[in-house]
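Raw contents of my_file21.cif, mmCIF, C-alpha atoms:
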data_query
#
loop_
_atom_site.label_atom_id
_atom_site.label_comp_id
_atom_site.auth_asym_id
_atom_site.auth_seq_id
_atom_site.Cartn_x
_atom_site.Cartn_y
_atom_site.Cartn_z
CA MET A 1 -30.28 -20.57 24.02
CA ARG A 2 -29.55 -20.55 20.29
CA GLU A 3 -31.13 -17.60 18.46
CA THR A 4 -32.78 -18.23 15.12
CA LEU A 5 -31.93 -15.97 12.19
CA PRO A 6 -35.28 -14.12 12.44
CA GLU A 7 -34.59 -13.57 16.16
CA ILE A 8 -31.09 -12.24 15.46
CA LEU A 9 -32.51 -9.92 12.82
CA ALA A 10 -35.25 -8.71 15.19
CA ARG A 11 -32.68 -8.08 17.92
CA ARG A 12 -30.53 -5.98 15.61
CA VAL A 13 -33.59 -3.99 14.59
CA ALA A 14 -34.46 -3.43 18.26
CA GLU A 15 -30.88 -2.28 18.90
CA GLY A 16 -31.14 0.24 16.08
CA ALA A 17 -28.46 -1.44 13.97
CA LEU A 18 -30.96 -2.28 11.20
CA ARG A 19 -34.29 -0.99 9.96
CA PRO A 20 -37.37 -3.25 10.08
CA ASP A 21 -38.04 -4.84 6.69
CA PRO A 22 -40.66 -7.59 6.12
CA GLN A 23 -38.83 -8.90 3.04
CA GLN A 24 -35.62 -9.37 4.98
CA THR A 25 -37.51 -11.12 7.79
CA ALA A 26 -39.10 -13.50 5.26
CA LEU A 27 -35.66 -14.34 3.86
CA ALA A 28 -34.30 -14.98 7.34
CA ASP A 29 -37.19 -17.46 7.79
CA LEU A 30 -36.20 -19.11 4.50
CA LEU A 31 -32.54 -19.42 5.48
CA GLU A 32 -33.06 -20.76 8.99
CA PRO A 33 -33.84 -24.39 7.94
CA LEU A 34 -30.73 -24.38 5.73
CA ARG A 35 -28.66 -23.16 8.66
CA SER A 36 -30.11 -25.88 10.90
CA TRP A 37 -29.35 -28.59 8.32
CA LEU A 38 -25.73 -27.46 7.94
CA GLU A 39 -25.21 -27.41 11.69
CA ALA A 40 -26.82 -30.83 12.14
CA GLN A 41 -24.59 -32.35 9.46
CA SER A 42 -21.52 -30.70 10.94
CA HIS A 43 -22.18 -32.23 14.34
CA ARG A 44 -23.13 -35.64 12.92
CA ARG A 45 -20.71 -38.42 13.90
CA PRO A 46 -20.98 -41.43 11.61
CA GLY A 47 -19.41 -44.75 12.44
CA LEU A 48 -15.93 -45.52 11.19
CA LEU A 49 -16.98 -47.57 8.17
CA ALA A 50 -19.68 -45.08 7.23
CA GLY A 51 -17.13 -42.31 7.41
CA LEU A 52 -14.82 -44.20 5.10
CA PHE A 53 -17.24 -45.38 2.47
CA ALA A 54 -20.52 -43.47 2.58
CA LYS A 55 -21.12 -40.47 0.39
CA PRO A 56 -22.05 -37.27 2.21
CA PRO A 57 -25.82 -36.82 2.50
CA ALA A 58 -27.40 -34.94 -0.39
CA ALA A 59 -27.30 -31.24 0.32
CA PRO A 60 -30.51 -29.19 0.27
CA ARG A 61 -31.03 -26.44 -2.25
CA GLY A 62 -28.87 -23.37 -1.90
CA LEU A 63 -29.97 -19.79 -2.47
CA TYR A 64 -29.53 -17.28 -5.29
CA LEU A 65 -30.59 -13.93 -3.83
CA TRP A 66 -30.93 -11.07 -6.26
CA GLY A 67 -32.29 -7.54 -6.25
CA GLY A 68 -31.40 -3.89 -6.68
CA VAL A 69 -28.39 -2.34 -5.03
CA GLY A 70 -28.58 -1.45 -1.36
CA ARG A 71 -31.47 -3.77 -0.51
CA GLY A 72 -29.64 -5.69 2.20
CA LYS A 73 -28.59 -8.80 0.23
CA SER A 74 -24.99 -8.81 1.47
CA MET A 75 -26.08 -8.07 5.04
CA LEU A 76 -28.43 -11.07 5.03
CA MET A 77 -25.82 -13.37 3.53
CA ASP A 78 -23.26 -12.24 6.10
CA LEU A 79 -25.79 -12.72 8.91
CA PHE A 80 -26.50 -16.25 7.69
CA THR A 81 -22.85 -17.18 7.21
CA GLU A 82 -21.67 -15.78 10.54
CA ALA A 83 -24.57 -17.32 12.50
CA THR A 84 -24.16 -20.80 11.00
CA ASP A 85 -22.16 -22.68 13.61
CA ILE A 86 -19.88 -24.77 11.42
CA SER A 87 -16.16 -24.50 10.72
CA ARG A 88 -16.25 -25.64 7.09
CA LYS A 89 -17.66 -22.43 5.62
CA ARG A 90 -16.38 -19.49 3.61
CA ARG A 91 -17.72 -16.13 2.50
CA VAL A 92 -15.95 -14.46 -0.45
CA HIS A 93 -16.61 -11.75 -3.02
CA PHE A 94 -17.25 -13.33 -6.42
CA HIS A 95 -14.54 -11.24 -8.16
CA ALA A 96 -11.94 -12.38 -5.65
CA PHE A 97 -13.05 -16.00 -5.92
CA MET A 98 -12.77 -16.06 -9.71
CA GLN A 99 -9.29 -14.63 -9.39
CA GLU A 100 -8.39 -17.61 -7.19
CA VAL A 101 -9.88 -19.94 -9.79
CA HIS A 102 -7.72 -18.51 -12.56
CA ARG A 103 -4.57 -18.78 -10.44
CA ALA A 104 -5.35 -22.40 -9.58
CA ILE A 105 -6.02 -23.29 -13.21
CA HIS A 106 -2.75 -21.68 -14.28
CA ALA A 107 -0.81 -23.60 -11.61
CA ALA A 108 -2.44 -26.89 -12.61
CA ARG A 109 -1.64 -26.33 -16.29
CA GLN A 110 1.99 -25.68 -15.38
CA LYS A 111 2.01 -29.17 -13.84
CA GLY A 112 0.40 -30.72 -16.91
CA VAL A 113 -2.89 -31.62 -15.19
CA GLU A 114 -5.38 -32.86 -17.80
CA ASP A 115 -8.39 -31.10 -16.23
CA PRO A 116 -6.88 -28.03 -14.51
CA LEU A 117 -10.17 -27.08 -12.85
CA ALA A 118 -10.63 -30.42 -11.09
CA PRO A 119 -8.00 -30.09 -8.32
CA PHE A 120 -9.36 -26.71 -7.25
CA ALA A 121 -12.96 -27.94 -7.19
CA ASP A 122 -12.00 -31.11 -5.33
CA GLU A 123 -10.14 -29.09 -2.71
CA ILE A 124 -13.23 -26.97 -2.05
CA VAL A 125 -15.44 -30.06 -1.79
CA ALA A 126 -13.01 -31.53 0.75
CA ASP A 127 -12.74 -28.33 2.81
CA LEU A 128 -16.18 -26.70 2.73
CA ARG A 129 -19.83 -27.45 3.30
CA LEU A 130 -20.99 -23.84 2.82
CA LEU A 131 -19.69 -21.43 0.20
CA ALA A 132 -21.20 -17.93 0.16
CA PHE A 133 -20.54 -15.60 -2.79
CA ASP A 134 -21.24 -11.89 -2.76
CA GLU A 135 -22.22 -10.02 -5.94
CA MET A 136 -22.06 -12.66 -8.63
CA GLN A 137 -21.70 -11.16 -12.06
CA ILE A 138 -20.33 -12.67 -15.25
CA SER A 139 -18.89 -10.33 -17.86
CA ASP A 140 -15.95 -12.32 -19.22
CA ILE A 141 -16.19 -15.20 -21.72
CA THR A 142 -13.51 -17.18 -19.86
CA ASP A 143 -15.36 -16.88 -16.55
CA ALA A 144 -18.61 -17.82 -18.27
CA MET A 145 -17.09 -21.06 -19.51
CA ILE A 146 -15.45 -21.92 -16.19
CA VAL A 147 -18.14 -21.12 -13.66
CA GLY A 148 -20.72 -23.61 -14.93
CA ARG A 149 -18.35 -26.59 -14.70
CA LEU A 150 -17.11 -25.44 -11.30
CA PHE A 151 -20.59 -25.11 -9.79
CA GLU A 152 -21.58 -28.49 -11.16
CA ARG A 153 -18.66 -30.16 -9.37
CA LEU A 154 -19.25 -28.27 -6.13
CA LEU A 155 -22.96 -29.05 -6.01
CA ALA A 156 -22.31 -32.69 -6.88
CA GLY A 157 -19.85 -32.80 -3.99
CA GLY A 158 -22.44 -31.64 -1.48
CA VAL A 159 -21.33 -28.01 -1.11
CA VAL A 160 -24.20 -25.66 -0.27
CA ILE A 161 -23.96 -22.44 -2.28
CA VAL A 162 -25.53 -19.15 -1.25
CA THR A 163 -24.92 -16.19 -3.54
CA THR A 164 -26.11 -12.64 -4.11
CA SER A 165 -26.41 -10.78 -7.38
CA ASN A 166 -27.86 -7.55 -8.70
CA ARG A 167 -29.62 -9.40 -11.52
CA PRO A 168 -31.68 -12.57 -12.05
CA PRO A 169 -29.90 -15.67 -13.39
CA GLU A 170 -31.25 -15.12 -16.90
CA ASP A 171 -29.47 -11.75 -17.07
CA LEU A 172 -26.04 -13.10 -16.15
CA TYR A 173 -23.63 -12.68 -19.06
CA LYS A 174 -26.47 -11.06 -20.99
CA ASN A 175 -25.61 -10.45 -24.66
CA GLY A 176 -22.21 -12.06 -24.07
CA LEU A 177 -20.19 -13.82 -26.74
CA ASN A 178 -21.37 -17.42 -27.33
CA ARG A 179 -23.94 -16.99 -24.58
CA ALA A 180 -25.75 -20.16 -25.69
CA LEU A 181 -22.89 -22.14 -24.15
CA PHE A 182 -23.64 -20.43 -20.83
CA MET A 183 -27.32 -21.34 -20.73
CA PRO A 184 -26.82 -24.75 -19.05
CA PHE A 185 -25.34 -22.91 -16.07
CA ILE A 186 -28.48 -20.78 -15.76
CA HIS A 187 -30.58 -23.96 -15.83
CA LEU A 188 -28.29 -25.44 -13.15
CA ILE A 189 -28.90 -22.44 -10.89
CA ARG A 190 -32.66 -22.72 -11.32
CA ASP A 191 -32.53 -26.48 -10.71
CA ARG A 192 -30.27 -26.53 -7.64
CA LEU A 193 -30.74 -23.15 -5.95
CA ASP A 194 -33.83 -21.31 -4.78
CA VAL A 195 -33.91 -18.09 -6.79
CA VAL A 196 -35.38 -15.31 -4.66
CA GLU A 197 -35.73 -11.62 -5.41
CA LEU A 198 -35.29 -9.20 -2.53
CA GLU A 199 -37.99 -6.72 -3.44
CA SER A 200 -37.46 -4.21 -0.65
CA PRO A 201 -38.42 -0.78 -2.02
CA GLU A 202 -35.63 0.93 -0.10
CA ASP A 203 -31.99 1.27 -1.05
CA TYR A 204 -30.55 1.44 2.44
CA ARG A 205 -27.23 2.84 1.38
CA GLN A 206 -28.96 5.64 -0.51
CA HIS A 207 -31.36 6.13 2.40
CA ARG A 208 -28.46 6.66 4.76
CA LEU A 209 -27.00 9.27 2.41
CA ALA A 210 -30.20 11.05 1.39
CA GLY A 211 -29.76 14.70 2.22
CA GLU A 212 -26.43 14.01 3.93
CA LYS A 213 -23.16 15.72 3.17
CA VAL A 214 -20.91 13.53 1.01
CA TYR A 215 -18.11 15.96 0.04
CA PHE A 216 -15.92 17.12 2.92
CA GLN A 217 -13.26 19.83 2.90
CA PRO A 218 -10.71 20.50 4.12
CA ALA A 219 -9.75 16.83 4.23
CA GLY A 220 -7.76 17.06 7.44
CA LYS A 221 -10.86 17.81 9.53
CA SER A 222 -13.24 15.31 7.98
CA GLY A 223 -11.98 12.04 9.51
CA PRO A 224 -14.63 11.64 12.23
CA ALA A 225 -17.52 12.38 9.85
CA ILE A 226 -16.30 9.87 7.26
CA ASP A 227 -15.57 7.30 9.96
CA ALA A 228 -19.19 7.62 11.08
CA ILE A 229 -20.50 7.12 7.52
CA TRP A 230 -18.25 4.07 7.06
CA ARG A 231 -19.46 2.50 10.31
CA ASP A 232 -23.08 3.15 9.43
CA MET A 233 -22.86 1.75 5.90
CA THR A 234 -20.89 -1.38 6.80
CA ARG A 235 -22.62 -2.19 10.07
CA GLY A 236 -22.99 -5.94 10.49
CA ALA A 237 -20.85 -6.76 7.44
CA THR A 238 -17.46 -8.45 7.22
CA ILE A 239 -14.74 -5.93 6.27
CA GLY A 240 -11.67 -6.95 4.29
CA PRO A 241 -9.70 -6.17 1.13
CA LEU A 242 -11.23 -6.71 -2.30
CA HIS A 243 -8.91 -7.91 -5.07
CA LEU A 244 -9.98 -7.45 -8.68
CA ALA A 245 -8.34 -9.25 -11.60
CA VAL A 246 -7.73 -6.83 -14.48
CA ASN A 247 -5.74 -7.91 -17.54
CA GLY A 248 -3.67 -10.37 -15.56
CA ARG A 249 -2.95 -7.95 -12.73
CA GLN A 250 -4.45 -7.37 -9.30
CA VAL A 251 -6.13 -4.16 -8.21
CA GLU A 252 -6.70 -3.96 -4.47
CA LEU A 253 -9.33 -1.99 -2.64
CA PRO A 254 -7.95 -2.08 0.93
CA ARG A 255 -11.29 -1.98 2.74
CA PHE A 256 -14.55 -3.37 1.38
CA ALA A 257 -17.86 -4.52 2.85
CA ASN A 258 -21.50 -4.63 1.78
CA GLY A 259 -20.72 -3.13 -1.64
CA VAL A 260 -18.92 -0.18 -0.04
CA ALA A 261 -15.18 0.41 -0.57
CA ARG A 262 -12.87 2.80 1.26
CA ALA A 263 -9.47 3.99 -0.01
CA SER A 264 -7.25 7.04 -0.04
CA PHE A 265 -6.52 9.17 -3.10
CA TRP A 266 -2.95 7.91 -3.02
CA GLU A 267 -3.96 4.26 -2.91
CA LEU A 268 -5.98 4.63 -6.11
CA CYS A 269 -4.31 7.48 -7.98
CA ALA A 270 -0.60 7.25 -7.09
CA ARG A 271 -0.34 3.72 -8.47
CA PRO A 272 0.00 3.01 -12.23
CA LEU A 273 -3.67 2.27 -12.81
CA GLY A 274 -5.60 2.95 -16.00
CA PRO A 275 -9.13 3.07 -17.40
CA ALA A 276 -9.62 -0.71 -17.27
CA ASP A 277 -8.72 -0.75 -13.58
CA TYR A 278 -11.07 2.07 -12.69
CA LEU A 279 -13.89 0.54 -14.74
CA ALA A 280 -13.40 -2.70 -12.80
CA ILE A 281 -13.66 -0.78 -9.54
CA ALA A 282 -16.79 1.02 -10.72
CA GLY A 283 -18.32 -2.33 -11.65
CA ALA A 284 -17.50 -3.95 -8.32
CA VAL A 285 -18.65 -1.31 -5.81
CA ARG A 286 -21.83 0.63 -5.26
CA VAL A 287 -20.30 3.26 -2.97
CA LEU A 288 -16.71 4.51 -2.86
CA ILE A 289 -15.31 6.49 0.05
CA LEU A 290 -12.24 8.31 -1.29
CA GLU A 291 -10.15 10.21 1.23
CA ASP A 292 -7.47 12.91 1.19
CA ILE A 293 -7.79 14.28 -2.34
CA PRO A 294 -4.98 16.87 -2.43
CA GLN A 295 -4.61 20.16 -4.24
CA LEU A 296 -3.86 19.24 -7.85
CA SER A 297 -1.23 20.90 -10.01
CA ALA A 298 1.73 20.26 -12.30
CA SER A 299 3.57 18.72 -9.34
CA ASN A 300 1.19 15.76 -9.23
CA TYR A 301 0.03 15.81 -12.85
CA ASN A 302 0.03 12.02 -13.33
CA GLU A 303 -2.00 11.49 -10.16
CA ALA A 304 -4.42 14.20 -11.29
CA LYS A 305 -4.90 12.50 -14.66
CA ARG A 306 -5.67 9.21 -12.94
CA PHE A 307 -8.11 10.98 -10.63
CA VAL A 308 -9.97 12.39 -13.65
CA THR A 309 -10.15 8.90 -15.17
CA LEU A 310 -11.38 7.45 -11.88
CA ILE A 311 -14.15 10.05 -11.56
CA ASP A 312 -15.22 9.41 -15.16
CA ALA A 313 -15.52 5.68 -14.44
CA LEU A 314 -17.47 6.25 -11.23
CA TYR A 315 -19.74 8.75 -12.97
CA GLU A 316 -20.51 6.43 -15.89
CA GLY A 317 -21.08 3.56 -13.48
CA HIS A 318 -23.42 5.64 -11.27
CA VAL A 319 -21.31 4.83 -8.23
CA ARG A 320 -22.05 6.88 -5.11
CA LEU A 321 -18.97 8.88 -4.11
CA ILE A 322 -18.15 10.11 -0.61
CA CYS A 323 -14.89 11.99 -0.40
CA SER A 324 -12.67 14.36 1.53
CA ALA A 325 -10.61 16.91 -0.39
CA ALA A 326 -8.28 19.84 0.09
CA ASP A 327 -10.80 22.28 -1.38
CA GLU A 328 -14.10 22.65 -3.21
CA PRO A 329 -14.26 20.85 -6.59
CA GLU A 330 -13.81 24.05 -8.61
CA ARG A 331 -10.71 24.98 -6.60
CA LEU A 332 -8.95 21.62 -6.58
CA TYR A 333 -7.05 22.24 -9.83
CA ILE A 334 -6.78 25.93 -10.61
CA GLU A 335 -3.46 26.24 -12.43
CA GLY A 336 -1.07 24.27 -14.59
CA GLU A 337 -1.47 21.81 -17.46
CA GLY A 338 -4.79 20.01 -17.26
CA SER A 339 -6.53 22.62 -15.11
CA PHE A 340 -8.81 23.77 -17.95
CA GLU A 341 -9.95 20.21 -18.74
CA PHE A 342 -10.58 19.62 -15.02
CA ALA A 343 -13.67 21.83 -15.20
CA ARG A 344 -15.68 18.85 -16.45
CA THR A 345 -14.45 16.73 -13.53
CA ALA A 346 -15.38 19.48 -11.08
CA SER A 347 -18.85 19.63 -12.60
CA ARG A 348 -19.22 15.87 -12.23
CA LEU A 349 -18.06 16.01 -8.63
CA ARG A 350 -20.79 18.58 -7.98
CA GLU A 351 -23.45 16.48 -9.67
CA MET A 352 -22.37 13.38 -7.76
CA GLN A 353 -23.09 15.19 -4.50
CA SER A 354 -26.82 15.33 -5.21
CA ALA A 355 -29.11 13.22 -3.05
CA GLY A 356 -30.45 11.24 -6.01
CA TRP A 357 -27.10 10.38 -7.50
CA GLY A 358 -26.57 6.68 -8.21
CA THR A 359 -30.26 5.75 -8.02
#
Let's see the structure in the file written out as structure tokens.
Amino acid sequence: MRETLPEILARRVAEGALRPDPQQTALADLLEPLRSWLEAQSHRRPGLLAGLFAKPPAAPRGLYLWGGVGRGKSMLMDLFTEATDISRKRRVHFHAFMQEVHRAIHAARQKGVEDPLAPFADEIVADLRLLAFDEMQISDITDAMIVGRLFERLLAGGVVIVTTSNRPPEDLYKNGLNRALFMPFIHLIRDRLDVVELESPEDYRQHRLAGEKVYFQPAGKSGPAIDAIWRDMTRGATIGPLHLAVNGRQVELPRFANGVARASFWELCARPLGPADYLAIAGAVRVLILEDIPQLSASNYNEAKRFVTLIDALYEGHVRLICSAADEPERLYIEGEGSFEFARTASRLREMQSAGWGT
């Protein structure tokens, strides 16, 4: 027998995979009719002429789910997307999706297409009935101008949109350049999507880490402990790479789910990344698991400099850091050029270990 979303949620709570939360249960109740509608339309078989000439039935309202970090927004969206028994669906991080949009627009312009956004939007309308975005945020004037037109075409084409965000629609692109031009998009969200705040008082990611060890050394012996944290924090979420567009380049976080990213020191600090890249990472994740920080010295000076820049970005962004390292923070960089300046980084690494960090 088909389980409803509230039943799936209750089962996972009973299994110990999730904690009971009335707000999450209420949202599962809200999403269940939308799931049923999508499945009914997917299995609908119109006659030949109807299939050729009739417009698709008007889609119901989608959902804009917002709230503080760690409240379970991504988990609920993943639960809904995975449980909806249709093939024409997609779940994607908003950063990654906008990167696809820019690539498609560039390709269309190369071909001389008059409206370079149209082919991309039309392709989505043809391929998808459900499009789920995780962590919508608008900070770029170009994205602000594109996203309104894109959503308008998708919604007009019958695509159901479900999205999460850390802020209400009115705070998207807040104080941005020419923000007045962005206001129609906010009105579109309010008009076509149910805007719901997840008001759960608990930050589940912080709850899992409260009082727990988050800095492990030596790195070589910390694998099982970090694996356990990763499993606990991403339980029930879809894991995959996250690609961020930064100044025309791609920055990849190899493993990402539920606002939590996992990478090695070498993946983030041995590559030619700079402040803009690390700020983009800090803006896209709520928790970073960084593994295998080595002993730092003149022999890996460039990597050490990037590590300092990364920690500064995470610190300013109040990102929770879980890491494994060759030694304690104060003993990571004890000699050579840059060791004196590293004292500030060591102090920040200590502060970021506190239970309240990131709240």
Hey, which bits of segment 91-182 of chain A sit within 8 Å of segment 191-201 of chain A, and for each residue what's the closest pair of atoms and how far apart in Å (one decimal), counting only C-alpha atoms, rows by chain and increasing number, as CSV?
residue,atom,partner,partner_atom,distance
A:Leu155,CA,A:Arg192,CA,7.9
A:Ile161,CA,A:Leu193,CA,7.7
A:Pro168,CA,A:Glu197,CA,7.8
On this file, the PyMOL selection byres ((chain A and resi 176-179) around 10) gives some set of residues; write that set as a list in words. Ile138, Ser139, Asp140, Ile141, Ala144, Met145, Leu172, Tyr173, Lys174, Asn175, Ala180, Leu181, Phe182, Met183 and Pro184 of chain A
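The shortest atom-to-atom distance to Ser42 of chain A, with all atoms listed in the file taken into account, belongs to A:Arg129 out of A:Arg129, A:Arg331, A:Arg348, A:Arg12.
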Nearest to Asp122 of chain A among A:Leu79, A:Ala104, A:Ala346, A:Leu154, with distances taken over all atoms listed in the file: which residue is it? A:Leu154
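Here atom CA of Tyr278 of chain A and atom CA of Glu341 of chain A stand 19.2 Å from one another.
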Running the PyMOL selection byres ((chain A and resi 3-10) around 9) on this model by hand, what would come out? Give it as a VMD selection string. chain A and resid 1 to 2 11 to 15 18 20 24 to 29 31 to 32 35 76 79 to 80 83
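The residue set within 7 Å of Ile293 of chain A, counting all atoms listed in the file and dropping same-chain residues fewer than 4 places from it, reads A:Phe265, A:Ser324, A:Ala325, A:Ala326.
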Is it possible to get the residues within 9 Å of (-10.2, 0.6, 1.5) (coordinates as in the file, counting all atoms listed in the file) written as a ChimeraX atom specification? /A:240-242,252-256,260-264,267,288-290
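Coordinates place atom CA of Asp134 of chain A at a distance of 13.3 Å from atom CA of Arg71 of chain A.
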I'd like the contact shell of Glu316 of chain A - 10 Å cut-off, only C-alpha atoms, skipping same-chain residues fewer than 2 positions apart - returned as a PyMOL selection string. chain A and resi 279+282-283+311-314+318-319+358
Compile the contact shell of Pro119 of chain A as a PyMOL selection string: residues with an atom at most 10 Å away, counting all atoms listed in the file, same-chain residues fewer than 6 positions apart removed. chain A and resi 104-105+108+113+125
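Taking atom CA of Ala284 of chain A and atom CA of Leu150 of chain A as the two end points, the separation is 21.7 Å.
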Taking 3 positions as the minimum chain separation for residues in the same chain, which residues sit within 12 Å of Arg249 of chain A when counting only C-alpha atoms? Answer as a PyMOL selection string. chain A and resi 99+102-103+243-246+252+272-274+276-277+280
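Closest approach to Phe151 of chain A among A:Ile189, A:Thr345, A:Trp266, A:Thr81: A:Ile189, based on only C-alpha atoms.
Each of A:Gly62, A:Pro116, A:Pro275, A:Gly157 was checked against Leu30 of chain A using all atoms listed in the file; the smallest atom-to-atom distance is that of A:Gly62.
When all atoms listed in the file are used to compute distances to Pro294 of chain A, the closest of the residues A:Cys323, A:Ala40, A:Ala96, A:Ala118 turns out to be A:Cys323.
Using only C-alpha atoms for every distance, the candidate list A:His95, A:Arg61, A:Arg320, A:His106 yields A:Arg61 as the residue closest to Val160 of chain A.
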Please provide the set of residues having any atom within 12 Å of Tyr301 of chain A, restricted to only C-alpha atoms, with same-chain residues fewer than 2 positions apart removed, written as a ChimeraX atom specification. /A:269-270,294-299,303-308,333,335-339,342
Using the structure just given, write a file holding C-alpha atoms for segment 78-134 of chain A, as a PDB file, in the first residue's frame.
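Just written: result32.pdb:
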ATOM      1  CA  ASP A  78      14.034  15.564  -0.702  1.00  0.00           C
ATOM      2  CA  LEU A  79      11.410  13.382   0.984  1.00  0.00           C
ATOM      3  CA  PHE A  80       8.697  14.910  -1.204  1.00  0.00           C
ATOM      4  CA  THR A  81      10.703  14.664  -4.424  1.00  0.00           C
ATOM      5  CA  GLU A  82      11.859  11.093  -3.869  1.00  0.00           C
ATOM      6  CA  ALA A  83       8.406   9.875  -2.783  1.00  0.00           C
ATOM      7  CA  THR A  84       6.571  11.440  -5.738  1.00  0.00           C
ATOM      8  CA  ASP A  85       6.177   8.576  -8.182  1.00  0.00           C
ATOM      9  CA  ILE A  86       6.744  10.356 -11.488  1.00  0.00           C
ATOM     10  CA  SER A  87       9.664  10.246 -13.916  1.00  0.00           C
ATOM     11  CA  ARG A  88       9.498  13.870 -15.051  1.00  0.00           C
ATOM     12  CA  LYS A  89      11.009  15.424 -11.930  1.00  0.00           C
ATOM     13  CA  ARG A  90      14.310  16.956 -10.901  1.00  0.00           C
ATOM     14  CA  ARG A  91      15.904  18.132  -7.677  1.00  0.00           C
ATOM     15  CA  VAL A  92      18.846  20.553  -7.993  1.00  0.00           C
ATOM     16  CA  HIS A  93      20.743  23.053  -5.857  1.00  0.00           C
ATOM     17  CA  PHE A  94      19.852  26.591  -6.923  1.00  0.00           C
ATOM     18  CA  HIS A  95      23.508  27.603  -7.458  1.00  0.00           C
ATOM     19  CA  ALA A  96      24.067  24.668  -9.788  1.00  0.00           C
ATOM     20  CA  PHE A  97      20.843  25.363 -11.672  1.00  0.00           C
ATOM     21  CA  MET A  98      21.713  29.015 -12.312  1.00  0.00           C
ATOM     22  CA  GLN A  99      25.072  27.892 -13.621  1.00  0.00           C
ATOM     23  CA  GLU A 100      23.229  25.723 -16.157  1.00  0.00           C
ATOM     24  CA  VAL A 101      21.065  28.699 -17.090  1.00  0.00           C
ATOM     25  CA  HIS A 102      24.093  30.873 -17.835  1.00  0.00           C
ATOM     26  CA  ARG A 103      25.702  28.154 -19.953  1.00  0.00           C
ATOM     27  CA  ALA A 104      22.496  27.677 -21.945  1.00  0.00           C
ATOM     28  CA  ILE A 105      22.093  31.415 -22.514  1.00  0.00           C
ATOM     29  CA  HIS A 106      25.694  31.685 -23.702  1.00  0.00           C
ATOM     30  CA  ALA A 107      25.226  28.776 -26.134  1.00  0.00           C
ATOM     31  CA  ALA A 108      21.998  30.282 -27.496  1.00  0.00           C
ATOM     32  CA  ARG A 109      23.642  33.667 -28.033  1.00  0.00           C
ATOM     33  CA  GLN A 110      26.457  31.983 -29.948  1.00  0.00           C
ATOM     34  CA  LYS A 111      23.770  30.670 -32.320  1.00  0.00           C
ATOM     35  CA  GLY A 112      22.149  34.089 -32.660  1.00  0.00           C
ATOM     36  CA  VAL A 113      18.911  33.154 -30.874  1.00  0.00           C
ATOM     37  CA  GLU A 114      16.812  36.286 -30.345  1.00  0.00           C
ATOM     38  CA  ASP A 115      15.625  35.287 -26.853  1.00  0.00           C
ATOM     39  CA  PRO A 116      18.471  33.127 -25.482  1.00  0.00           C
ATOM     40  CA  LEU A 117      16.513  32.140 -22.373  1.00  0.00           C
ATOM     41  CA  ALA A 118      13.555  30.704 -24.284  1.00  0.00           C
ATOM     42  CA  PRO A 119      15.104  27.426 -25.549  1.00  0.00           C
ATOM     43  CA  PHE A 120      16.277  26.479 -22.058  1.00  0.00           C
ATOM     44  CA  ALA A 121      12.898  27.246 -20.482  1.00  0.00           C
ATOM     45  CA  ASP A 122      11.034  25.401 -23.232  1.00  0.00           C
ATOM     46  CA  GLU A 123      13.232  22.344 -22.767  1.00  0.00           C
ATOM     47  CA  ILE A 124      12.419  22.231 -19.052  1.00  0.00           C
ATOM     48  CA  VAL A 125       8.690  22.611 -19.737  1.00  0.00           C
ATOM     49  CA  ALA A 126       8.892  19.709 -22.191  1.00  0.00           C
ATOM     50  CA  ASP A 127      10.902  17.464 -19.851  1.00  0.00           C
ATOM     51  CA  LEU A 128       9.641  18.170 -16.332  1.00  0.00           C
ATOM     52  CA  ARG A 129       6.458  18.418 -14.313  1.00  0.00           C
ATOM     53  CA  LEU A 130       8.236  18.930 -10.969  1.00  0.00           C
ATOM     54  CA  LEU A 131      11.308  21.085 -10.396  1.00  0.00           C
ATOM     55  CA  ALA A 132      12.671  21.244  -6.843  1.00  0.00           C
ATOM     56  CA  PHE A 133      15.293  23.861  -5.929  1.00  0.00           C
ATOM     57  CA  ASP A 134      17.368  23.772  -2.766  1.00  0.00           C
TER      58      ASP A 134
END
